[in-house]
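Worksheet: one structure, shown below.
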Amino acid sequence: MELNNLEGISAEDKEGIVNDFKKYGVDVLDTTLEQLEQEGRVGEAHSIKGVLLKVKSTEATDNKVVVRGFVYKSAKGGIGTEVVVEYADSQWRVTKATATGIS
């Protein structure tokens, strides 16, 4: 998971995001594709074990966050995405998730 482009987020919030994903029983690394390459975790066809979630940009207001990014599996297996999360009734909810491109 690459969270470097999340603006205005504290280290505590970032840790909370990572921990939310961990509850699904998967290993979560806060890393980049380049770091995975340096660690020898990128294989044939530029593929990785698991997926890399990369945040490219965010837009936030008091009750709405739009996150644009992509899910990477290999050089020929990725999908761009835009997710809208809105705050209502004392909780945050995903209100829209759209694919923006497929490789």
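Identifiers in the structure tokens: chain A, B, ... in order shown; residue index from 1 per chain; ligand index from 1 in order shown.
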query = Can you list, as JSON, numbers by chain, every protein, DNA or RNA residue that comes within 12 Å of Val26 (chain A) when you count only C-alpha atoms, leaving out same-chain residues fewer than 4 positions away?
reply = {"A": [1, 18, 19, 20, 21, 22, 49, 50, 51]}
Take the residues from that selection and write them out as an mmCIF file, in the first residue's frame, keeping N, CA and C atoms.
data_model
loop_
_atom_site.group_PDB
_atom_site.id
_atom_site.type_symbol
_atom_site.label_atom_id
_atom_site.label_comp_id
_atom_site.auth_asym_id
_atom_site.auth_seq_id
_atom_site.Cartn_x
_atom_site.Cartn_y
_atom_site.Cartn_z
ATOM 1 N N MET A 1 0.854 -1.153 0.000
ATOM 2 C CA MET A 1 0.000 0.000 0.000
ATOM 3 C C MET A 1 0.906 1.224 0.000
ATOM 4 N N VAL A 18 -3.804 1.391 7.721
ATOM 5 C CA VAL A 18 -3.077 0.124 7.558
ATOM 6 C C VAL A 18 -3.693 -0.946 8.458
ATOM 7 N N ASN A 19 -4.002 -0.612 9.703
ATOM 8 C CA ASN A 19 -4.598 -1.579 10.628
ATOM 9 C C ASN A 19 -5.976 -2.031 10.184
ATOM 10 N N ASP A 20 -6.753 -1.138 9.548
ATOM 11 C CA ASP A 20 -8.059 -1.534 9.030
ATOM 12 C C ASP A 20 -7.912 -2.635 7.982
ATOM 13 N N PHE A 21 -6.904 -2.546 7.129
ATOM 14 C CA PHE A 21 -6.674 -3.586 6.130
ATOM 15 C C PHE A 21 -6.172 -4.880 6.768
ATOM 16 N N LYS A 22 -5.398 -4.779 7.827
ATOM 17 C CA LYS A 22 -4.844 -5.964 8.490
ATOM 18 C C LYS A 22 -5.933 -6.855 9.081
ATOM 19 N N LYS A 49 3.423 -10.506 -5.568
ATOM 20 C CA LYS A 49 2.538 -11.387 -4.807
ATOM 21 C C LYS A 49 1.618 -10.467 -4.016
ATOM 22 N N GLY A 50 0.338 -10.580 -4.228
ATOM 23 C CA GLY A 50 -0.611 -9.676 -3.604
ATOM 24 C C GLY A 50 -0.933 -8.532 -4.543
ATOM 25 N N VAL A 51 -1.344 -7.415 -4.004
ATOM 26 C CA VAL A 51 -1.650 -6.227 -4.799
ATOM 27 C C VAL A 51 -1.053 -5.006 -4.116
#
task = Write out as a PyMOL selection string each polymer residue whose atoms come within 8 Å of Asn5 (chain A), counting only C-alpha atoms; drop sequence neighbours fewer than 4 positions from it.
result = chain A and resi 55-58
Sel. of alpha helix (DSSP H) residues, region 14-49 of chain A, as a PyMOL selection string = chain A and resi 14-22+33-38
Writer output for current selection, N, CA and C atoms, as a PDB file, in the first residue's frame:
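Everything below was put into out.pdb:
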ATOM      1  N   LYS A  14      -2.688   7.335   9.326  1.00  0.00           N
ATOM      2  CA  LYS A  14      -2.098   6.416   8.357  1.00  0.00           C
ATOM      3  C   LYS A  14      -1.992   5.009   8.953  1.00  0.00           C
ATOM      4  N   GLU A  15      -1.558   4.949  10.207  1.00  0.00           N
ATOM      5  CA  GLU A  15      -1.464   3.662  10.899  1.00  0.00           C
ATOM      6  C   GLU A  15      -2.850   3.032  11.042  1.00  0.00           C
ATOM      7  N   GLY A  16      -3.864   3.854  11.290  1.00  0.00           N
ATOM      8  CA  GLY A  16      -5.235   3.345  11.399  1.00  0.00           C
ATOM      9  C   GLY A  16      -5.718   2.742  10.096  1.00  0.00           C
ATOM     10  N   ILE A  17      -5.374   3.367   8.965  1.00  0.00           N
ATOM     11  CA  ILE A  17      -5.749   2.830   7.658  1.00  0.00           C
ATOM     12  C   ILE A  17      -5.099   1.472   7.445  1.00  0.00           C
ATOM     13  N   VAL A  18      -3.804   1.391   7.721  1.00  0.00           N
ATOM     14  CA  VAL A  18      -3.077   0.124   7.558  1.00  0.00           C
ATOM     15  C   VAL A  18      -3.693  -0.946   8.458  1.00  0.00           C
ATOM     16  N   ASN A  19      -4.002  -0.612   9.703  1.00  0.00           N
ATOM     17  CA  ASN A  19      -4.598  -1.579  10.628  1.00  0.00           C
ATOM     18  C   ASN A  19      -5.976  -2.031  10.184  1.00  0.00           C
ATOM     19  N   ASP A  20      -6.753  -1.138   9.548  1.00  0.00           N
ATOM     20  CA  ASP A  20      -8.059  -1.534   9.030  1.00  0.00           C
ATOM     21  C   ASP A  20      -7.912  -2.635   7.982  1.00  0.00           C
ATOM     22  N   PHE A  21      -6.904  -2.546   7.129  1.00  0.00           N
ATOM     23  CA  PHE A  21      -6.674  -3.586   6.130  1.00  0.00           C
ATOM     24  C   PHE A  21      -6.172  -4.880   6.768  1.00  0.00           C
ATOM     25  N   LYS A  22      -5.398  -4.779   7.827  1.00  0.00           N
ATOM     26  CA  LYS A  22      -4.844  -5.964   8.490  1.00  0.00           C
ATOM     27  C   LYS A  22      -5.933  -6.855   9.081  1.00  0.00           C
ATOM     28  N   LEU A  33       6.159   0.600  -5.256  1.00  0.00           N
ATOM     29  CA  LEU A  33       6.576  -0.421  -6.207  1.00  0.00           C
ATOM     30  C   LEU A  33       8.097  -0.440  -6.324  1.00  0.00           C
ATOM     31  N   GLU A  34       8.705   0.730  -6.318  1.00  0.00           N
ATOM     32  CA  GLU A  34      10.157   0.821  -6.418  1.00  0.00           C
ATOM     33  C   GLU A  34      10.828   0.130  -5.229  1.00  0.00           C
ATOM     34  N   GLN A  35      10.276   0.304  -4.038  1.00  0.00           N
ATOM     35  CA  GLN A  35      10.834  -0.356  -2.854  1.00  0.00           C
ATOM     36  C   GLN A  35      10.654  -1.867  -2.944  1.00  0.00           C
ATOM     37  N   LEU A  36       9.513  -2.308  -3.460  1.00  0.00           N
ATOM     38  CA  LEU A  36       9.293  -3.746  -3.645  1.00  0.00           C
ATOM     39  C   LEU A  36      10.323  -4.318  -4.615  1.00  0.00           C
ATOM     40  N   GLU A  37      10.627  -3.574  -5.672  1.00  0.00           N
ATOM     41  CA  GLU A  37      11.642  -4.004  -6.632  1.00  0.00           C
ATOM     42  C   GLU A  37      13.002  -4.128  -5.950  1.00  0.00           C
ATOM     43  N   GLN A  38      13.379  -3.142  -5.167  1.00  0.00           N
ATOM     44  CA  GLN A  38      14.672  -3.154  -4.477  1.00  0.00           C
ATOM     45  C   GLN A  38      14.781  -4.317  -3.498  1.00  0.00           C
TER      46      GLN A  38
END
message = If you run DSSP on the backbone here, which positions in region 1-88 of chain A get strand (DSSP E)? Please write them as a ChimeraX atom specification.
response = /A:52-60,64-74,77-88
key: Which of A:Leu3, A:Val42, A:Ala99, A:Val84 sits closest to Val65 (chain A) [using only C-alpha atoms]   = A:Val84
task = Give me, please, the distance in Å between CA of Gly80 (chain A) and CA of Leu6 (chain A), quoted to one decimal.
result = 16.4 Å
request  = Pick out the residues sitting within 9 Å of Lys76 (chain A), and hand them over as a count of residues only; count only C-alpha atoms, and ignore anything fewer than 5 positions along from it in its own chain.
outcome  = 5
